[in-house]
Structure formats: C-alpha cells, structure tokens
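Participant: So that we are looking at the same thing, I have put the structure below in structure tokens.
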Amino acid sequence: MSKKQTLVVIGNGMVGQNFLAGLVNSGAKEHFEIILFCEEPRPAYDRVHLSAFFSGKTAQDLSMVEDGFFEQHGITVHLGDRAKSIDRIAKTVLSEKGVRIVYDKIVLATGSYPFVPPVPGHERDRCLVYRTIEDLEAIQSAAEQSKVGVVVGGGLLGLEAAKALKDLGLTTHVVEFAPRLMAVQLDDGGGALLKRKIEALGVTVHLNKNTTLIDDGESCLHKMNFAGGDALETDLILFSAGIRPRDDIARACELEVGPRGGIVIDNQCRTSDPDIFAIGECALWNNRIFGLVAPGYAMARTVVSVLEGGDNYFTGADMSTKLKLMGVDVASIGDAHAQTPGALVYTYQNGDSEVYKQLVVSADKKRLLGAVLVGEASGYGTLLQYCLNGIELPENPDSLILPHRSDESVGLGPDALPMSAQICSCHDVDKATLCSAIEAGCNTVPALKSETKAGTGCGGCVPLMKSVMECELAKLGIEVSTDICEHFPHTRQELYHLVMVEEIKTFDELLEKHGQGRGCEVCKQAVGSILASYWNDYILNKEHVGLQDTNDIFLANMQKDGTYSVVPRVTGGEIQPEKLIVLGQVAKKYGLYTKITGGQRVDLFGARVEQLPSIWRELIDAGFESGHAYGKSLRTVKSCVGSTWCRFGVDDSVGLAIELENRYKGLRAPHKIKFAVSGCTRECAEAQSKDIGVIATEGGWNLYVCGNGGMKPRHGDLFATQLDKETLIKYIDRVLIFYVRTADRMQRTSVWMENMEGGLDYLRSVVIEDSLGIGEALEKQMRHVIDTYQCEWKTTIEDESKLKRFRHFVNSDRPDDNIVFVEERGQVRPADEQEREALKARKHFKILEEA
Amino acid sequence: MSMSEWIDVCSFDDLQPDSGVCVWADGRQIALFYMPKEQAVYAVDNFDPFGKVNVLSRGMIGDIGGQPMVASPLYKQHFNLETGVCFEDETVKIETYGVRIENRRVAVNV
C-alpha cells in the first residue's frame, strides 16, 4: 500500500465541513492524511440560521459537526489557529501559532468577510458586523446598552440581521443604498411590497440612502449623516452591505485572483496551482462568486470526486432562493429582472392580501426564465421546475400565478419532469434516483426517504416526491386499488348500489353475496352507515351492532382514557334556561368536565361506560335527545341570533336552523355533516365553511354547499340564490342523499365535490334540473329517513337487554381502576401516565393500611 | 410444569356475537370476542399497549388476510386474536389466553 498523501483543509465553515463529510464517506479517504485549520474557536456551525441564536439556540444547537466526527475519522484539527501562509515551492502551510505542515494537496474553504463601507466613523464603538457567533455575542452585549439599532444593507442577510435586532427589543431601522430591498433578487414591485410588509412588522426602511459620516448623536450614541443632508440617530450600527471573498492567503502565495477578489478556479475547482483547490464563497468561477450554501456544497462534491479520481465538474449553480424573511415569504428564480432580450413579464399584484407575483417568460412564451414571489411562495417548487428543466409553459403562462377559484394546485404533472430534474435540493436527489428506488420496491414515502435521503432536509419536496411515486407506481402497473378493503372488490358507491338494487338488509347478506372473509372495521363501518342511511333501522339491533365503531355502540365519544363524552342535541344553539341548568346539574352530579363546543352545544366529558345509561335517563327526562356527536351523521346547525333580535338581521336564522336540524338529525352519511344559517350577509354563523350553509338575503335564502373548516378548509360553493324555504329544503334533501349515495367512505362533502366530474355545474344539473331523473327518488329516501327517526338513546334506555353492554366487566360491577382523574382549573381531567401510577400506588397503600 | 389455571368467567350468553366484552379474571382484565359463523371465541388482554388504557374489548373484529383480528378503538392498530401480535408493529404483542366452553359457561386459561 502506498504512503498516504497529506491534505490540508483551510477553513471549517459550512462548505469546508460539507467537504470533509463527503470526503470521509468516499473512496478518497484511504489515500489522505487530513489536517484541518479553523480560525474560529469552534468547528462548523449553521450560519444560515444564525439569527436563531437570539431566539434561544446555543452555539451547540447550531453546530454542524457530530460529536466525535474528527476523532472517528482520524482528522487532525487545529481549532482557533488560522492558516497564515502557504509556501508553494517548499509545499508547506504555516499557521499563526507556528504549526508548519508539509502538504500534497490543499483545499481552501476560507469563505468570505462582511464588507464594511469605508464611511468615516465606521470604526466607532458599537459598530458591528453579522457573520460569526462571536459577532452575535458582541451584538447581544451592545444591544443591552442600546435603544435604537440600524442595519446598513437591505439584502437577504441585512433583513435577517434586522430581525435579530428586533428580537433583541431595539427600535430597528434598515438603511439601504439601492432604491429597493433585496435589490439582487427582487424587482421594483416585489421590493415595494416587501418593504410595506416589513414596515408593518415595526421595522423602518430607508431607501436611496448613502451614509457619508458617522459622528456623535444627541439623543443616541451615533448620528448617521446621509448624502441628502438628512440624518438618523442610533445606538448601534450593524453593517451588512454584502460579502467579500477571503482570498488574502491566496494572494500572498500568488495564486490567481479576480480583479475584484475571489480565488480563480476551473470547472474542477482547481486554482492556478493544480495541487490547490478552492470551494465556497472564497472561490471565483467564471467571474462569479456564489454567496449561497448550495453552490458551495456542489463545489465540495466536485473536489471529493476529483480526489477520488473521478471527473465531476462544477458547472455553475442556480441562484434561485426561497426563504421566510421576518415571517414574509420571498422567492426569486432565475432571471428575476427580465434582463434576457425580448423577455415578457407577467405581473399579478393583490393589494388586499399583499401578494406580489411576477413571471419572466421567453419571447416565444414557451419557457420560464425567471420569477419573483413575495407574500405567498407556495408555487416556488413548480415554477423552479419549469425554469430549470426548460419545460414548455401552458398556453396562458399567467395561469401559473393567478389565484384559482378552488384550491386546486397549478402543480406540474410529475410526468412532465425530465429524469434529470432535481426533486430534493437539500440532498441533490433527482427524479431518476427516485424512479430507480421506486422500481426497486420503495412503494411508500417513508421507504423512499430512507433509501434516497430525499425529503429528509427541509421537507419541502415531499408533496412532489409523493406525486412522482404515485405516477411511477401507476406506470409500473402497481395499481392503487379503489376497493374499500380486502373483503369487498367494490367502492363504497358500488356497495351502496348493491344494497339498493338487491334490497340487502344486513352486512352478513352483503358479505355472503359480494365479499369474502369476515370483514374488518373499515368495511363494517361503511356498510353499517349505508344500511343506516338507506333502511334507517335502529343501529344497535343485533344484526347491526357488530358494524358499529365503539362510539356508535355506546352512543358517545370515546376519549383518550377510555371514558366517554356526552353531547345532547341543542337545536340551532337555542336552549331554555331550565335545560341549561339540567346540563349543569347532571355534570355536577357525575363529576363531568364541561366545555362549550364549536357547534353551539355543551360537551360533558369523563363519563364511565357504566354511567352512560343513568346520565342519559336524566337528560331524556329533562327533554333532551341524542346529539349524534358520536356518529358519522348530521351534527349541528349553527346559527346567529337573526332578525328576531339583531339590528341587522334580514330573516329568522334561528328558526330555520332549528327546523333544518330537526329535519336532518340522525341522517347517517359517509362522514359527519355540519350546517349553519346566517341571518344576513355579515355571516356571523360562518355558513360558508360548512357542508351546507344558508345565508338570508332580502330576496330569499342563498344556499352554499360543500364548504369545510378543519384540517383543509374550503369555501362553500354558492349553489343557488334567493330561494324560498320550500325550494331550499328540496335542494338540500337532494344534495344530501346524492352525497350519501355516491361519496367514498370517510369523504367529506368538500372532497366529494372536488372529485366529482363536472363539479358544481354537474351537481346543479342533477339537483336543480333533475338531469338524471332521480330527484323524486332522492327526496323519497330523505322522507323515509325523516319519518323513521328515533332518538337512539331513548330506544336504548327503554330496552333492558341493550343496557347489558353498558358495564366495564360483564361479570363484575367493579369499575376500571385505570381511569383516574386529577383536578385542573376547578374541573376534572384524565391523569397523565405518571400521575396515574402515583395515584394508583397511593390508593394501594391506603387499602393495605386499612387492612 | 405449568402454573396456568382455568378460571370460570361468565356465561356463554354474556358474549356478544361479532363483538367483544370484558371480563374480570382474578386480577386481570380480559377481552372476549365471539365470532358465531366460525364458532370461535378469543381471549386477549383488554389493555391497549398503544393508548395505555383498557379498551380493546370495545374494538371491532374481523380478519386481515384470513387472520382473526381486533382493531383498537382508539388509534386503530390491529392485533392478531390468535397470536396477540400487532399487525402494524411486530415488536408489540398482547397476551392471549385459552378459552373453554362447557355447559354454556366460559372459562379462560390464565
């Protein structure tokens, strides 16, 4: 085995460390003895998220070097010792502390330093820069004596620094020489919006300001005098006016440097001396310095490959960025300033929601050249793919930035991406790598992540990765089955038709005719719901009871500790004082935790299964009935107080809400259903976020359908306007039964609508124009459900045999000793695991003592 | 030598067809599931190792690939009623017990 060569790495910033991490995992590791010089007192840390230091992150949290990394890989580290000079003839490196190393190869990763404009006074006390952890410590201590802070420079780093000053509690200003913020990345429109947004956050922005002198202030430590004659007083000044490559060590040993600085490198990151490489912000490639971390990493990968004997090339890097500046989304892609000859510009600006989007498109309107997004940057991934891969644009390119009526995305089909498209930029994973992993059997997102590392950095690419996976699986013929489960080769809608056409009344009958096996919780619940909405039998009948989830079996909602919550119906949210008192009395008697729900009812928590019948007996005696909070069924019809009391009310929203709730209560559906009725267009009942929403107008009721709050909010679609009550109810009857018959299992109306071919227009044609000729049948089925309504709790407590189930043990009256409550804010809550064990132990000892 | 013993727990009529009940068996909570079509009765721990509460008897039953199973009513993990092994995480297993039916009485082997 040949003797190892000595490789000296100078600089341990993010890029230097990335290079080391790549090197020790490569074949080149065997051939090199590695020696590292690092000027700072600590090894590499995350400079990109430096401002996190002020929100509580420690230097240790920001570290990018795993514990024991250097020892494990036999790297000799000289921390806090700057490499001072290189003797290229003797091939030695000399450090400040006098360490001299004979080298075979050198990698320069010296990074950059902050540029401080040579303004007279820039060396005064509390005039600082923002680059290292030591800088941050200095800023922190200077801020303690300061009230006002100024950042000189309104670029990316300057705005980060302004956030840091704001977080430190200073009155913060940004002073920028150029006429806009982020002059490199943004155009005028984007810069103007960003300025407005940042000023709304309490940072004052001064543009077109050239500081000529810093001297003593009157109310503050400093006074910054500007070219126009005006001035600004401040206690602390942070310079963030750009970076300059640290090329002093290269200059001193006469390596070639650029006219404005930067160590000149070729496509393999070699300097003018073939044994010396330079990477990151100190390197000048093709007359460009790359001030972002991703291109630095690409250079690091190139050098690792060259040292391995490979032939990778650095071919430049995309400087597109997306980031959150002080909570504002900002993204810039490619030729953001439309400097390409003939380029066309499309701009969308929404002053109300403070969104600015601009596309720069080639003269033939075929290719995306660049883009700017401020205020809303969710389209970044798609636009970047268009730009980087030269994908042909749609006919109207502005459709990519115009808002869409529903929340469908303007995503690019994964098929349109070439194999070379980079999907994960954090780990440089392209589509080809994903595809071969998928072909090799990674059929889930977690499997793909662990195989390729894609999606494990910032996570932003996971949706795209998932759609690539689904598309590839489909192409491989791995079918994404629409069967409800392994027991039935049918969708829910098909099962519904089978039940209707063959008049099937039980799960066993359906399973025998059309399924296999014993069923499972998925198909049983779905069929239970189908049978309930079509035949509307009592759900706890012997043949149906096994189809119900525990919530339906016990007609209450199971909570995390195995107890239940009880929600009596309060139609329209209207309740007489006597009944409100009963709720309080019952809660008090049984020690229940009470909370008001979003649907204008009262939820009583912490009932043991054996307490449910007596609780309900008391509630029913007082005139309450089941609220069906446990079922996939109609929950509530929320209402505002309406014209009876409200000065603005147009119609009686409470009266209509009560009527609708009584009409549809108990209707079993593929998922829960919520209604609301508002008495005027002020919309206090939030009807447009409900499955069915009704709003009173002077000319009648307006009907909205398929809205949703919750995890994925959706605005309801305006279905019909100015309806009289009879027509309104007819339409709701038809919409609901059509939904019940045709939706998938666990599909809310919002998703049902989005997946419906023809969408809103189709639903209108079925319901309003009766295009399928089923209008009457739909109404008839609803009529049947309404006519056969029963309060499930009333039926249950009247039947002794049904009450047998409401015990924890069938062979003992003892309660479950694992249910333990503690008190909080004057009510009970479930004990957490530790509290539970402690309380159980105490009880045990007490019993022993008594014995 | 086996330390196990048979404990009489309830009447056969206390079982719920296609569903579950919980019995107290000498200090243990045991869930009993009755599948009438298969003429099978299964006994497993009532304790849900994921939710850490005593609720498995209130789960729905059926099969996965022909293996009899119960689905936890809390977080829907599935447990094999014959082996106790969790379908989603094979390192998790609940206790299973032998069941004997004689003279319409149910006994479990603990």
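Each chain in the structure tokens gets a letter, A, B and so on, in the order shown; residues start at 1 in every chain, and ligands are counted from 1 in the order they appear.
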Return the neighbours of chain B among the residues of chain A, cut-off 9 Å, counting only C-alpha atoms, as an MDAnalysis selection string.
Facilitator: chainID A and resid 486:487 517:521 524 542:543 545:551 553 558:562 804:805 807:812 814 816 818:819 833
Participant: Neighbouring residues of Val445 (chain A) were defined as those with any atom within 8 Å, considering only C-alpha atoms; residues of the same chain fewer than 5 positions away were excluded. Please report them as an NGL selection string.
Facilitator: :A and (465-466 or 469)
Participant: Would you put the residues from that selection into a file with N, CA and C atoms, as an mmCIF file, in the first residue's frame?
Facilitator:
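Saved result, result-v1.cif, follows:
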data_model
loop_
_atom_site.group_PDB
_atom_site.id
_atom_site.type_symbol
_atom_site.label_atom_id
_atom_site.label_comp_id
_atom_site.auth_asym_id
_atom_site.auth_seq_id
_atom_site.Cartn_x
_atom_site.Cartn_y
_atom_site.Cartn_z
ATOM 1 N N MET A 465 -42.391 14.628 -4.351
ATOM 2 C CA MET A 465 -41.847 13.275 -4.290
ATOM 3 C C MET A 465 -42.982 12.242 -4.281
ATOM 4 N N LYS A 466 -44.035 12.563 -3.532
ATOM 5 C CA LYS A 466 -45.164 11.644 -3.421
ATOM 6 C C LYS A 466 -45.858 11.512 -4.775
ATOM 7 N N MET A 469 -43.900 9.388 -7.014
ATOM 8 C CA MET A 469 -44.036 7.984 -6.637
ATOM 9 C C MET A 469 -45.344 7.397 -7.163
#
Participant: When distances are computed from only C-alpha atoms, which of B:Asp8, B:Asp45, B:Asp89, B:Asp26 shows the smallest separation from Ile101 (chain B)?
Facilitator: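 Among B:Asp8, B:Asp45, B:Asp89, B:Asp26, it is B:Asp8 that comes nearest to Ile101 (chain B).
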Participant: For CA of Asp235 (chain A) and CA of Ala162 (chain A), quote the distance in Å rounded to one decimal.
Facilitator: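 CA of Asp235 (chain A) sits 14.2 Å away from CA of Ala162 (chain A).
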Participant: Pick out the residues sitting within 6 Å of region 127-139 of chain A, and hand them over as a list in words; count only C-alpha atoms, and ignore anything fewer than 2 positions along from it in its own chain.
Facilitator: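 With the cut-off at 6 Å, the set is Arg124, Asp125, Ser141, Ala142, Ala143, Ile237, Leu238 and Phe239 of chain A.
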Participant: Only N, CA and C atoms, please: the residues just picked out, written as a short mmCIF file (atom, residue, chain, number, x, y, z; two decimals), in the first residue's frame.
Facilitator:
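Saved result, part_25.cif, follows:
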data_model
loop_
_atom_site.label_atom_id
_atom_site.label_comp_id
_atom_site.auth_asym_id
_atom_site.auth_seq_id
_atom_site.Cartn_x
_atom_site.Cartn_y
_atom_site.Cartn_z
N ARG A 124 -16.29 53.29 15.03
CA ARG A 124 -16.72 53.71 16.37
C ARG A 124 -17.23 52.52 17.17
N ASP A 125 -17.38 52.75 18.47
CA ASP A 125 -17.90 51.73 19.37
C ASP A 125 -19.31 51.32 18.91
N SER A 141 -24.32 42.04 23.56
CA SER A 141 -23.93 42.88 24.69
C SER A 141 -24.07 44.36 24.34
N ALA A 142 -23.85 44.71 23.06
CA ALA A 142 -24.06 46.11 22.67
C ALA A 142 -25.54 46.48 22.76
N ALA A 143 -26.40 45.52 22.43
CA ALA A 143 -27.84 45.80 22.44
C ALA A 143 -28.35 46.09 23.84
N ILE A 237 -24.91 50.15 15.22
CA ILE A 237 -24.95 50.03 13.76
C ILE A 237 -24.40 48.66 13.36
N LEU A 238 -25.18 47.97 12.53
CA LEU A 238 -24.74 46.66 12.03
C LEU A 238 -24.52 46.79 10.53
N PHE A 239 -23.32 46.48 10.08
CA PHE A 239 -23.05 46.55 8.65
C PHE A 239 -23.34 45.21 8.01
#
Participant: Grab the CA of Ala416 (chain A) to CA of Leu464 (chain A) distance for me, in Å with one decimal place.
Facilitator: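 CA of Leu464 (chain A) lies at a distance of 12.1 Å from CA of Ala416 (chain A).
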Participant: Measuring atom to atom with only C-alpha atoms, identify which of A:Leu511, A:Val361, A:Ala432, A:Ile249 is nearest to Asp398 (chain A).
Facilitator: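 Checking each candidate against Asp398 (chain A), we get A:Val361 as the closest.
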